[in-house]
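One file, entry07.cif, is given below (mmCIF, C-alpha atoms).
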```cif
data_model
loop_
_atom_site.label_atom_id
_atom_site.label_comp_id
_atom_site.auth_asym_id
_atom_site.auth_seq_id
_atom_site.Cartn_x
_atom_site.Cartn_y
_atom_site.Cartn_z
CA MET D 1 17.00 -18.05 -9.02
CA THR D 2 18.78 -19.65 -6.11
CA GLU D 3 17.45 -18.94 -2.68
CA THR D 4 20.19 -17.56 -0.45
CA TYR D 5 19.76 -16.93 3.24
CA ARG D 6 18.75 -13.40 4.10
CA PRO D 7 18.26 -12.23 7.66
CA GLY D 8 14.68 -11.65 8.70
CA SER D 9 13.12 -13.01 5.53
CA GLN D 10 10.42 -14.84 7.50
CA ALA D 11 9.61 -11.70 9.45
CA ILE D 12 9.43 -9.76 6.16
CA ASP D 13 7.05 -12.30 4.65
CA GLY D 14 4.89 -12.20 7.76
CA TYR D 15 4.74 -8.42 7.73
CA MET D 16 4.00 -8.27 3.99
CA GLY D 17 1.21 -10.79 4.52
CA ARG D 18 -0.36 -8.46 7.07
CA VAL D 19 -0.06 -5.49 4.70
CA ASP D 20 -1.55 -7.56 1.90
CA ALA D 21 -4.52 -8.56 4.05
CA ALA D 22 -5.10 -4.96 5.17
CA ALA D 23 -4.83 -3.65 1.60
CA ARG D 24 -7.43 -5.92 -0.01
CA ASP D 25 -9.97 -3.18 -0.60
CA LEU D 26 -7.52 -0.74 -2.25
CA PRO D 27 -7.76 -0.20 -6.01
CA PRO D 28 -5.42 -2.81 -7.58
CA ASP D 29 -2.87 -0.33 -8.98
CA ARG D 30 -2.47 1.46 -5.64
CA ARG D 31 -2.35 -1.79 -3.72
CA ILE D 32 0.42 -3.17 -5.94
CA GLU D 33 2.43 0.05 -5.74
CA LEU D 34 2.18 0.12 -1.94
CA LEU D 35 3.18 -3.53 -1.58
CA ASP D 36 6.11 -3.03 -3.98
CA GLN D 37 7.37 0.01 -2.10
CA LEU D 38 7.25 -1.67 1.30
CA ARG D 39 8.78 -4.90 0.00
CA GLU D 40 11.57 -2.88 -1.64
CA HIS D 41 12.18 -1.02 1.62
CA LEU D 42 12.50 -4.21 3.66
CA ASP D 43 14.54 -6.02 0.99
CA ALA D 44 16.98 -3.12 1.09
CA ALA D 45 17.33 -3.59 4.85
CA ALA D 46 17.85 -7.34 4.43
CA ASN D 47 20.32 -6.96 1.54
CA ALA D 48 22.40 -4.25 3.20
CA PRO D 49 26.00 -5.33 3.83
CA GLY D 50 26.26 -6.86 7.31
CA ALA D 51 22.48 -6.93 7.78
CA THR D 52 21.25 -8.78 10.88
CA GLU D 53 17.91 -10.20 11.93
CA ALA D 54 17.67 -7.42 14.53
CA ALA D 55 18.28 -4.74 11.90
CA VAL D 56 15.49 -6.14 9.71
CA LEU D 57 13.12 -6.36 12.69
CA GLY D 58 13.99 -2.74 13.48
CA ALA D 59 13.17 -1.71 9.91
CA ILE D 60 9.81 -3.51 10.14
CA ASP D 61 9.10 -1.81 13.45
CA ARG D 62 9.87 1.64 12.04
CA LEU D 63 7.58 1.08 9.05
CA GLY D 64 4.76 0.73 11.56
CA ASP D 65 1.31 -0.81 11.76
CA PRO D 66 0.12 -2.16 8.37
CA THR D 67 -3.45 -1.00 8.98
CA GLU D 68 -2.19 2.53 9.63
CA ILE D 69 -0.14 2.53 6.41
CA VAL D 70 -3.06 1.22 4.36
CA ALA D 71 -5.37 3.76 6.01
CA SER D 72 -3.15 6.61 4.87
CA GLU D 73 -3.07 5.16 1.34
CA ARG D 74 -6.85 4.87 1.40
CA GLU D 75 -7.38 8.48 2.42
CA ALA D 76 -4.72 9.86 0.07
CA PRO D 77 -6.63 11.47 -2.78
CA GLY D 78 -5.13 11.89 -6.21
CA PRO D 79 -6.01 12.20 -9.87
CA THR D 80 -6.71 8.45 -10.08
CA ALA D 81 -8.84 8.45 -6.94
CA GLY D 82 -11.82 9.71 -8.94
CA PRO D 83 -13.80 7.78 -11.54
CA VAL D 84 -10.76 5.79 -12.72
CA ALA D 85 -10.17 4.25 -9.32
CA ALA D 86 -13.86 3.74 -8.64
CA ARG D 87 -14.71 0.23 -7.60
CA ARG D 88 -14.82 -2.15 -10.55
CA SER D 89 -18.18 -3.28 -11.74
CA ARG D 90 -19.09 -6.38 -9.79
CA TRP D 91 -20.25 -8.15 -12.97
CA GLY D 92 -17.43 -8.84 -15.38
CA PRO D 93 -17.29 -11.90 -17.71
CA LEU D 94 -15.54 -13.94 -15.00
CA GLU D 95 -18.32 -13.33 -12.49
CA ILE D 96 -21.07 -14.16 -15.01
CA ILE D 97 -19.34 -17.41 -16.04
CA ALA D 98 -18.92 -18.28 -12.36
CA VAL D 99 -22.63 -17.86 -11.62
CA VAL D 100 -23.72 -19.76 -14.75
CA LEU D 101 -21.37 -22.64 -13.95
CA LEU D 102 -22.46 -22.70 -10.32
CA ILE D 103 -26.17 -22.82 -11.24
CA VAL D 104 -26.21 -24.90 -14.44
CA GLY D 105 -22.92 -26.73 -13.86
CA PRO D 106 -24.29 -29.44 -11.54
CA PHE D 107 -26.78 -30.56 -14.22
CA VAL D 108 -24.50 -30.31 -17.25
CA ALA D 109 -21.28 -31.64 -15.76
CA PRO D 110 -21.76 -32.87 -12.19
CA VAL D 111 -18.91 -31.97 -9.81
CA VAL D 112 -16.66 -30.64 -12.62
CA GLY D 113 -19.13 -27.89 -13.59
CA PRO D 114 -19.58 -26.34 -10.15
CA LEU D 115 -15.87 -26.82 -9.40
CA ALA D 116 -14.96 -24.79 -12.50
CA GLY D 117 -17.51 -22.20 -11.35
CA LEU D 118 -15.82 -22.01 -7.98
CA VAL D 119 -12.42 -21.49 -9.57
CA CYS D 120 -13.88 -18.57 -11.56
CA ALA D 121 -15.51 -17.17 -8.43
CA TRP D 122 -12.26 -17.26 -6.45
CA LEU D 123 -10.32 -15.68 -9.31
CA SER D 124 -12.77 -12.76 -9.40
CA PRO D 125 -11.10 -9.49 -8.41
CA ALA D 126 -14.50 -7.89 -7.87
CA TRP D 127 -16.01 -10.18 -5.25
CA THR D 128 -15.12 -10.04 -1.59
CA ARG D 129 -13.81 -13.00 0.38
CA GLY D 130 -17.13 -13.33 2.19
CA GLU D 131 -19.04 -13.55 -1.07
CA LYS D 132 -16.62 -16.17 -2.37
CA TRP D 133 -17.13 -18.28 0.75
CA VAL D 134 -20.92 -18.07 0.35
CA ALA D 135 -20.52 -19.25 -3.26
CA THR D 136 -18.25 -22.07 -2.08
CA LEU D 137 -20.69 -23.25 0.59
CA LEU D 138 -23.66 -23.15 -1.80
CA ALA D 139 -21.72 -24.99 -4.51
CA SER D 140 -20.41 -27.67 -2.18
CA GLY D 141 -24.02 -28.17 -1.09
CA SER D 142 -24.97 -28.95 -4.69
CA ILE D 143 -21.93 -31.23 -5.13
CA VAL D 144 -22.93 -33.15 -1.98
CA LEU D 145 -26.55 -33.39 -3.21
CA VAL D 146 -25.48 -34.76 -6.60
CA ALA D 147 -23.14 -37.22 -4.89
CA LEU D 148 -25.95 -38.38 -2.60
CA PHE D 149 -28.26 -38.73 -5.59
CA PHE D 150 -25.80 -40.97 -7.42
CA LEU D 151 -25.09 -42.92 -4.26
CA ALA D 152 -28.82 -43.50 -3.74
CA ALA D 153 -29.28 -44.48 -7.39
CA PHE D 154 -26.56 -47.13 -7.23
CA ILE D 155 -27.50 -48.71 -3.90
CA MET W 25 0.08 11.28 26.84
CA ASP W 26 -1.26 14.04 24.63
CA ALA W 27 -4.80 15.17 25.12
CA PRO W 28 -6.86 13.90 22.15
CA GLY W 29 -7.57 17.39 20.79
CA ARG W 30 -3.96 18.45 20.94
CA HIS W 31 -2.83 15.22 19.41
CA SER W 32 -5.14 15.49 16.43
CA SER W 33 -4.35 19.14 15.69
CA LEU W 34 -0.63 18.32 15.80
CA THR W 35 -1.28 15.39 13.48
CA GLN W 36 -3.06 17.68 11.03
CA LEU W 37 -0.26 20.22 11.19
CA ARG W 38 2.38 17.55 10.66
CA ARG W 39 0.45 16.00 7.79
CA GLY W 40 0.07 19.35 6.05
CA ALA W 41 3.75 20.24 6.30
CA LEU W 42 5.17 16.79 5.62
CA GLU W 43 4.63 16.71 1.87
CA TYR W 44 6.59 19.92 1.48
CA CYS W 45 9.41 18.49 3.58
CA VAL W 46 9.48 15.57 1.15
CA LEU W 47 9.58 17.99 -1.79
CA ALA W 48 12.37 19.94 -0.09
CA LEU W 49 14.41 16.74 0.33
CA VAL W 50 14.23 15.93 -3.38
CA ASN W 51 14.54 19.56 -4.49
CA ASP W 52 18.29 19.53 -5.08
CA GLN W 53 18.87 15.98 -6.20
CA GLU W 54 16.95 12.81 -6.91
CA ARG W 55 16.87 10.42 -3.97
CA TYR W 56 16.64 6.66 -3.55
CA ALA W 57 13.21 5.97 -2.00
CA VAL W 58 14.57 3.92 0.89
CA ASP W 59 17.18 6.55 1.82
CA LEU W 60 14.58 9.28 1.57
CA VAL W 61 12.22 7.42 3.91
CA ASP W 62 15.04 6.53 6.32
CA ASP W 63 16.19 10.15 6.51
CA LEU W 64 12.69 11.49 7.08
CA GLY W 65 11.95 8.75 9.60
CA ARG W 66 14.81 9.98 11.79
CA ILE W 67 13.03 13.29 12.27
CA GLN W 68 10.65 12.14 14.98
CA ALA W 69 8.80 15.44 15.22
CA LEU W 70 7.66 14.90 11.64
CA VAL W 71 7.19 11.18 11.09
CA THR W 72 5.62 8.67 13.45
CA SER W 73 5.55 5.67 11.11
CA GLU W 74 7.92 5.44 8.14
CA GLY W 75 5.52 3.22 6.25
CA THR W 76 2.97 6.01 5.87
CA LEU W 77 5.52 7.98 3.82
CA TYR W 78 5.06 5.63 0.88
CA PRO W 79 1.38 6.49 0.32
CA LEU W 80 2.48 10.15 0.49
CA LEU W 81 5.17 9.58 -2.15
CA SER W 82 2.65 7.78 -4.39
CA ARG W 83 0.20 10.65 -4.06
CA LEU W 84 2.87 13.24 -4.91
CA ARG W 85 3.70 11.15 -7.97
CA ARG W 86 0.04 10.95 -9.05
CA GLU W 87 -0.25 14.70 -8.56
CA GLY W 88 2.79 15.21 -10.78
CA LYS W 89 4.86 16.91 -8.07
CA VAL W 90 7.53 14.22 -8.10
CA ALA W 91 8.57 11.71 -10.75
CA THR W 92 10.08 8.26 -10.33
CA THR W 93 12.94 6.63 -12.17
CA TRP W 94 14.28 3.10 -11.85
CA ARG W 95 18.02 2.70 -11.58
CA GLU W 96 20.08 -0.44 -11.65
CA SER W 97 21.88 -1.27 -8.43
CA GLU W 98 24.97 -3.38 -7.80
CA LEU W 99 23.53 -4.52 -4.48
CA GLY W 100 20.31 -6.06 -5.72
CA PRO W 101 17.17 -5.34 -7.73
CA PRO W 102 16.60 -1.97 -9.49
CA ARG W 103 15.91 0.93 -7.17
CA ARG W 104 13.13 3.48 -7.25
CA TYR W 105 14.36 7.10 -7.25
CA TYR W 106 12.25 10.21 -6.73
CA ARG W 107 12.91 13.64 -8.16
CA ILE W 108 10.97 16.88 -8.05
CA THR W 109 9.08 18.15 -11.11
CA ASN W 110 8.49 21.75 -12.15
CA SER W 111 5.01 21.65 -10.68
CA GLY W 112 6.44 20.27 -7.42
CA ARG W 113 8.97 23.07 -7.31
CA VAL W 114 6.25 25.67 -7.79
CA ALA W 115 4.22 24.09 -4.96
CA LEU W 116 7.27 24.04 -2.69
CA GLN W 117 8.12 27.69 -3.35
CA GLY W 118 4.53 28.71 -2.70
CA PHE W 119 4.44 26.80 0.58
CA ALA W 120 7.82 28.13 1.68
CA GLN W 121 6.52 31.70 1.48
CA GLU W 122 3.24 30.90 3.20
CA TRP W 123 5.04 28.93 5.86
CA THR W 124 7.39 31.76 6.76
CA SER W 125 4.59 34.21 7.40
CA PHE W 126 2.52 31.53 9.15
CA ARG W 127 5.43 30.57 11.41
CA ASP W 128 6.24 34.19 12.23
CA ALA W 129 2.62 34.90 13.11
CA VAL W 130 2.36 31.85 15.39
CA ASP W 131 5.73 32.55 16.97
CA ALA W 132 4.72 36.13 17.66
CA LEU W 133 1.60 34.98 19.49
CA ILE W 134 2.81 31.85 21.23
CA ILE W 135 6.46 32.37 22.03
CA GLU W 136 6.68 36.12 22.47
CA GLY W 137 3.36 36.15 24.32
CA ASN W 138 4.71 33.76 26.95
#
```

Turn this file's structure into C-alpha coordinates for me.
Amino acid sequence: MTETYRPGSQAIDGYMGRVDAAARDLPPDRRIELLDQLREHLDAAANAPGATEAAVLGAIDRLGDPTEIVASEREAPGPTAGPVAARRSRWGPLEIIAVVLLIVGPFVAPVVGPLAGLVCAWLSPAWTRGEKWVATLLASGSIVLVALFFLAAFI
Amino acid sequence: MDAPGRHSSLTQLRRGALEYCVLALVNDQERYAVDLVDDLGRIQALVTSEGTLYPLLSRLRREGKVATTWRESELGPPRRYYRITNSGRVALQGFAQEWTSFRDAVDALIIEGN
(Lines of atoms letter the chains of each structure in order from A and count residues from 1; the text may use other names and numbers.)
(Lines give C-alpha, C1' and ligand atoms only; values in the text may rest on other atoms or scores of the structure.)
Protein backbone atom coordinates (compact mmCIF):
# COMPACT_ATOMS: atom_id res chain seq x y z
CA MET A 1 0.00 0.00 0.00
CA THR A 2 1.28 3.45 -0.81
CA GLU A 3 1.17 6.01 1.93
CA THR A 4 -0.72 9.09 0.79
CA TYR A 5 -0.96 12.26 2.82
CA ARG A 6 -4.03 12.48 4.98
CA PRO A 7 -4.79 15.47 7.16
CA GLY A 8 -4.35 14.94 10.87
CA SER A 9 -2.86 11.48 10.60
CA GLN A 10 -0.26 12.26 13.27
CA ALA A 11 -2.93 13.56 15.60
CA ILE A 12 -4.98 10.40 14.94
CA ASP A 13 -2.02 8.17 15.74
CA GLY A 14 -1.34 10.13 18.92
CA TYR A 15 -4.95 9.87 20.04
CA MET A 16 -5.15 6.15 19.22
CA GLY A 17 -1.97 5.61 21.21
CA ARG A 18 -3.63 7.19 24.23
CA VAL A 19 -6.74 5.02 23.80
CA ASP A 20 -4.55 1.95 23.43
CA ALA A 21 -2.66 2.75 26.63
CA ALA A 22 -5.90 3.38 28.54
CA ALA A 23 -7.48 0.17 27.21
CA ARG A 24 -4.73 -2.25 28.24
CA ASP A 25 -6.74 -3.95 30.95
CA LEU A 26 -9.85 -4.57 28.79
CA PRO A 27 -10.56 -8.12 27.62
CA PRO A 28 -8.77 -8.49 24.25
CA ASP A 29 -11.91 -8.84 22.10
CA ARG A 30 -13.50 -5.71 23.58
CA ARG A 31 -10.28 -3.76 23.39
CA ILE A 32 -9.82 -4.60 19.70
CA GLU A 33 -13.43 -3.74 18.87
CA LEU A 34 -13.18 -0.38 20.64
CA LEU A 35 -9.89 0.51 18.94
CA ASP A 36 -11.29 -0.50 15.54
CA GLN A 37 -14.43 1.59 16.00
CA LEU A 38 -12.54 4.72 17.04
CA ARG A 39 -9.92 4.30 14.31
CA GLU A 40 -12.70 3.85 11.74
CA HIS A 41 -14.43 6.99 13.02
CA LEU A 42 -11.30 9.12 12.72
CA ASP A 43 -10.27 7.59 9.37
CA ALA A 44 -13.69 8.55 8.04
CA ALA A 45 -13.07 12.15 9.13
CA ALA A 46 -9.62 12.14 7.51
CA ASN A 47 -10.83 10.49 4.28
CA ALA A 48 -13.86 12.73 3.85
CA PRO A 49 -13.71 14.82 0.66
CA GLY A 50 -12.07 18.16 1.43
CA ALA A 51 -10.99 17.06 4.91
CA THR A 52 -8.68 19.47 6.75
CA GLU A 53 -6.37 19.13 9.72
CA ALA A 54 -8.80 21.28 11.71
CA ALA A 55 -11.72 19.01 10.84
CA VAL A 56 -9.80 15.95 12.03
CA LEU A 57 -8.77 17.71 15.24
CA GLY A 58 -12.43 18.62 15.76
CA ALA A 59 -13.45 14.99 15.31
CA ILE A 60 -10.83 13.91 17.87
CA ASP A 61 -12.05 16.57 20.28
CA ARG A 62 -15.68 15.44 19.94
CA LEU A 63 -14.74 11.80 20.60
CA GLY A 64 -13.51 12.96 23.99
CA ASP A 65 -11.11 11.81 26.68
CA PRO A 66 -9.73 8.29 26.00
CA THR A 67 -9.89 7.35 29.68
CA GLU A 68 -13.57 8.30 29.77
CA ILE A 69 -14.32 6.19 26.68
CA VAL A 70 -12.44 3.20 28.06
CA ALA A 71 -14.17 3.64 31.42
CA SER A 72 -17.57 3.38 29.77
CA GLU A 73 -16.44 0.26 27.90
CA ARG A 74 -15.18 -1.21 31.16
CA GLU A 75 -18.44 -0.67 32.98
CA ALA A 76 -20.63 -1.78 30.07
CA PRO A 77 -21.87 -5.24 31.02
CA GLY A 78 -22.91 -7.78 28.44
CA PRO A 79 -23.22 -11.48 27.81
CA THR A 80 -19.45 -11.80 27.35
CA ALA A 81 -18.68 -9.80 30.48
CA GLY A 82 -19.25 -12.89 32.61
CA PRO A 83 -17.06 -15.98 32.80
CA VAL A 84 -16.01 -15.74 29.13
CA ALA A 85 -14.45 -12.32 29.57
CA ALA A 86 -12.95 -13.17 32.95
CA ARG A 87 -9.28 -12.42 33.18
CA ARG A 88 -7.16 -15.04 31.46
CA SER A 89 -5.28 -17.45 33.62
CA ARG A 90 -1.92 -15.90 34.38
CA TRP A 91 -0.14 -19.19 33.65
CA GLY A 92 -0.37 -20.21 30.03
CA PRO A 93 2.38 -22.14 28.15
CA LEU A 94 4.08 -18.87 27.17
CA GLU A 95 4.39 -17.74 30.78
CA ILE A 96 5.73 -21.12 31.96
CA ILE A 97 8.33 -21.21 29.16
CA ALA A 98 9.32 -17.65 30.05
CA VAL A 99 9.93 -18.49 33.71
CA VAL A 100 11.82 -21.71 32.90
CA LEU A 101 14.04 -19.89 30.41
CA LEU A 102 14.64 -17.02 32.81
CA ILE A 103 15.65 -19.36 35.65
CA VAL A 104 17.44 -22.21 33.85
CA GLY A 105 18.40 -20.26 30.71
CA PRO A 106 21.52 -18.58 32.14
CA PHE A 107 23.06 -21.99 32.94
CA VAL A 108 22.02 -23.83 29.78
CA ALA A 109 22.57 -21.11 27.21
CA PRO A 110 24.12 -17.99 28.75
CA VAL A 111 22.68 -14.70 27.45
CA VAL A 112 20.62 -16.41 24.69
CA GLY A 113 18.55 -18.41 27.19
CA PRO A 114 17.40 -15.54 29.38
CA LEU A 115 16.96 -13.32 26.32
CA ALA A 116 14.55 -15.86 24.80
CA GLY A 117 12.80 -15.98 28.19
CA LEU A 118 12.40 -12.22 28.11
CA VAL A 119 10.91 -12.31 24.63
CA CYS A 120 8.34 -14.85 25.88
CA ALA A 121 7.63 -12.72 28.95
CA TRP A 122 7.01 -9.58 26.87
CA LEU A 123 4.78 -11.48 24.44
CA SER A 124 2.61 -12.69 27.32
CA PRO A 125 -0.91 -11.25 27.12
CA ALA A 126 -1.53 -12.22 30.74
CA TRP A 127 1.24 -10.34 32.51
CA THR A 128 1.13 -6.64 33.25
CA ARG A 129 3.78 -4.18 32.11
CA GLY A 130 5.08 -3.86 35.66
CA GLU A 131 5.56 -7.60 35.97
CA LYS A 132 7.37 -7.69 32.62
CA TRP A 133 9.75 -4.96 33.77
CA VAL A 134 10.50 -6.87 36.98
CA ALA A 135 11.28 -9.94 34.86
CA THR A 136 13.50 -7.82 32.61
CA LEU A 137 15.45 -6.33 35.51
CA LEU A 138 15.96 -9.72 37.18
CA ALA A 139 17.04 -11.32 33.90
CA SER A 140 19.44 -8.54 32.98
CA GLY A 141 20.94 -8.99 36.45
CA SER A 142 21.69 -12.63 35.62
CA ILE A 143 23.07 -11.69 32.18
CA VAL A 144 25.40 -9.13 33.82
CA LEU A 145 26.48 -11.72 36.42
CA VAL A 146 27.28 -14.32 33.76
CA ALA A 147 29.16 -11.69 31.75
CA LEU A 148 31.17 -10.70 34.83
CA PHE A 149 31.91 -14.35 35.55
CA PHE A 150 33.29 -14.91 32.07
CA LEU A 151 35.21 -11.65 32.20
CA ALA A 152 36.77 -12.67 35.52
CA ALA A 153 37.59 -16.15 34.20
CA PHE A 154 39.44 -14.78 31.18
CA ILE A 155 41.44 -12.05 32.92
CA MET B 1 -21.41 24.53 37.05
CA ASP B 2 -23.87 21.85 38.06
CA ALA B 3 -24.01 20.80 41.66
CA PRO B 4 -22.45 17.31 41.93
CA GLY B 5 -25.72 15.62 42.91
CA ARG B 6 -27.67 17.18 40.11
CA HIS B 7 -24.96 16.39 37.64
CA SER B 8 -24.82 12.72 38.53
CA SER B 9 -28.59 12.20 38.51
CA LEU B 10 -28.76 13.85 35.08
CA THR B 11 -25.92 11.60 33.93
CA GLN B 12 -27.84 8.54 35.11
CA LEU B 13 -31.01 9.71 33.39
CA ARG B 14 -29.15 10.42 30.16
CA ARG B 15 -27.35 7.09 30.28
CA GLY B 16 -30.60 5.20 30.80
CA ALA B 17 -32.39 6.88 27.91
CA LEU B 18 -29.49 6.99 25.48
CA GLU B 19 -29.52 3.35 24.42
CA TYR B 20 -33.16 3.65 23.40
CA CYS B 21 -32.37 6.78 21.40
CA VAL B 22 -29.73 4.72 19.58
CA LEU B 23 -32.29 1.97 18.95
CA ALA B 24 -34.78 4.57 17.70
CA LEU B 25 -32.20 5.92 15.25
CA VAL B 26 -31.63 2.50 13.69
CA ASN B 27 -35.28 1.45 13.93
CA ASP B 28 -36.27 2.44 10.40
CA GLN B 29 -33.07 1.81 8.50
CA GLU B 30 -29.57 0.52 9.05
CA ARG B 31 -27.04 3.28 9.68
CA TYR B 32 -23.34 3.73 9.06
CA ALA B 33 -21.67 3.79 12.50
CA VAL B 34 -19.85 7.07 11.93
CA ASP B 35 -23.00 8.87 10.72
CA LEU B 36 -24.97 7.46 13.62
CA VAL B 37 -22.41 8.71 16.14
CA ASP B 38 -22.12 12.10 14.40
CA ASP B 39 -25.89 12.58 14.43
CA LEU B 40 -26.24 11.61 18.08
CA GLY B 41 -23.23 13.74 19.03
CA ARG B 42 -25.01 16.84 17.72
CA ILE B 43 -27.71 16.41 20.36
CA GLN B 44 -25.80 17.97 23.23
CA ALA B 45 -28.47 17.28 25.81
CA LEU B 46 -27.90 13.58 25.23
CA VAL B 47 -24.23 13.06 24.43
CA THR B 48 -21.24 14.68 26.10
CA SER B 49 -18.50 12.65 24.42
CA GLU B 50 -19.09 10.92 21.09
CA GLY B 51 -16.46 8.31 21.84
CA THR B 52 -18.52 6.81 24.66
CA LEU B 53 -21.22 5.89 22.12
CA TYR B 54 -19.03 3.12 20.71
CA PRO B 55 -18.95 1.08 23.94
CA LEU B 56 -22.74 1.51 24.02
CA LEU B 57 -23.08 0.22 20.44
CA SER B 58 -20.84 -2.76 21.27
CA ARG B 59 -22.95 -3.59 24.31
CA LEU B 60 -26.19 -3.39 22.31
CA ARG B 61 -24.61 -5.76 19.80
CA ARG B 62 -23.54 -8.22 22.52
CA GLU B 63 -27.04 -8.05 23.96
CA GLY B 64 -28.47 -8.87 20.54
CA LYS B 65 -30.46 -5.64 20.27
CA VAL B 66 -28.56 -4.45 17.20
CA ALA B 67 -26.60 -6.33 14.56
CA THR B 68 -23.64 -5.18 12.49
CA THR B 69 -22.93 -5.63 8.81
CA TRP B 70 -19.87 -4.64 6.83
CA ARG B 71 -20.43 -2.85 3.56
CA GLU B 72 -17.95 -1.94 0.90
CA SER B 73 -17.39 1.77 0.40
CA GLU B 74 -16.12 3.70 -2.61
CA LEU B 75 -14.41 6.19 -0.31
CA GLY B 76 -12.18 3.82 1.60
CA PRO B 77 -12.20 0.67 3.73
CA PRO B 78 -15.42 -1.31 4.41
CA ARG B 79 -17.87 0.40 6.72
CA ARG B 80 -19.62 -0.92 9.80
CA TYR B 81 -23.42 -0.59 9.68
CA TYR B 82 -25.83 -1.11 12.56
CA ARG B 83 -29.40 -2.29 12.31
CA ILE B 84 -32.02 -3.13 14.91
CA THR B 85 -32.96 -6.74 15.67
CA ASN B 86 -36.34 -8.10 16.72
CA SER B 87 -35.24 -8.17 20.34
CA GLY B 88 -34.06 -4.55 20.03
CA ARG B 89 -37.41 -3.54 18.60
CA VAL B 90 -39.24 -5.20 21.48
CA ALA B 91 -37.00 -3.37 23.98
CA LEU B 92 -37.59 -0.06 22.21
CA GLN B 93 -41.37 -0.49 22.17
CA GLY B 94 -41.38 -1.40 25.84
CA PHE B 95 -39.29 1.64 26.73
CA ALA B 96 -41.37 3.97 24.57
CA GLN B 97 -44.48 3.09 26.57
CA GLU B 98 -42.75 3.37 29.93
CA TRP B 99 -41.13 6.61 28.91
CA THR B 100 -44.41 8.26 27.96
CA SER B 101 -46.00 7.60 31.31
CA PHE B 102 -42.75 8.48 33.13
CA ARG B 103 -42.43 11.76 31.24
CA ASP B 104 -46.08 12.68 31.82
CA ALA B 105 -45.76 11.98 35.53
CA VAL B 106 -42.60 14.08 35.87
CA ASP B 107 -44.04 16.87 33.74
CA ALA B 108 -47.17 16.92 35.85
CA LEU B 109 -45.13 17.38 39.02
CA ILE B 110 -42.32 19.60 37.83
CA ILE B 111 -43.71 21.79 35.09
CA GLU B 112 -47.34 22.11 36.07
CA GLY B 113 -46.39 22.45 39.74
CA ASN B 114 -44.25 25.51 38.99

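The list of residues within 12 Å of (-23.5, -23.8, -14.1), counted using only C-alpha atoms, is Glu95, Ile96, Ile97, Ala98, Val99, Val100, Leu101, Leu102, Ile103, Val104, Gly105, Pro106, Phe107, Val108, Ala109, Pro110, Val111, Val112, Gly113, Pro114, Leu115, Ala116, Gly117, Leu118, Cys120, Ala121, Ala139, Ser142 and Ile143 of chain D.
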
Tell me the residues of chain W close to chain D, meaning within 12 Å using only C-alpha atoms, as a ChimeraX atom specification. /W:39,43,56-66,68,71-89,92,97-105

Closest of D:Ala54, D:Leu123, D:Thr136, D:Ala152 to Ala11 of chain D - atom-to-atom distances counting all atoms listed in the file: D:Ala54

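Here atom CA of Leu42 of chain W stands at a distance of 17.0 Å from atom CA of Ser111 of chain W.
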
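Evaluated against the shown file, the PyMOL selection byres ((chain W and resi 48-51) around 8) gives Tyr44, Cys45, Val46, Leu47, Asp52, Gln53, Glu54, Arg55, Leu60, Tyr106, Arg107, Ile108, Arg113 and Leu116 of chain W.
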
Taken to one decimal, the atom CA of Arg127 of chain W-atom CA of Leu37 of chain W distance is 11.8 Å

Distance of atom CA of Gly17 of chain D from atom CA of Trp94 of chain W, expressed in Å to one decimal place: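 About the pair atom CA of Trp94 of chain W and atom CA of Gly17 of chain D: they are 25.1 Å apart.
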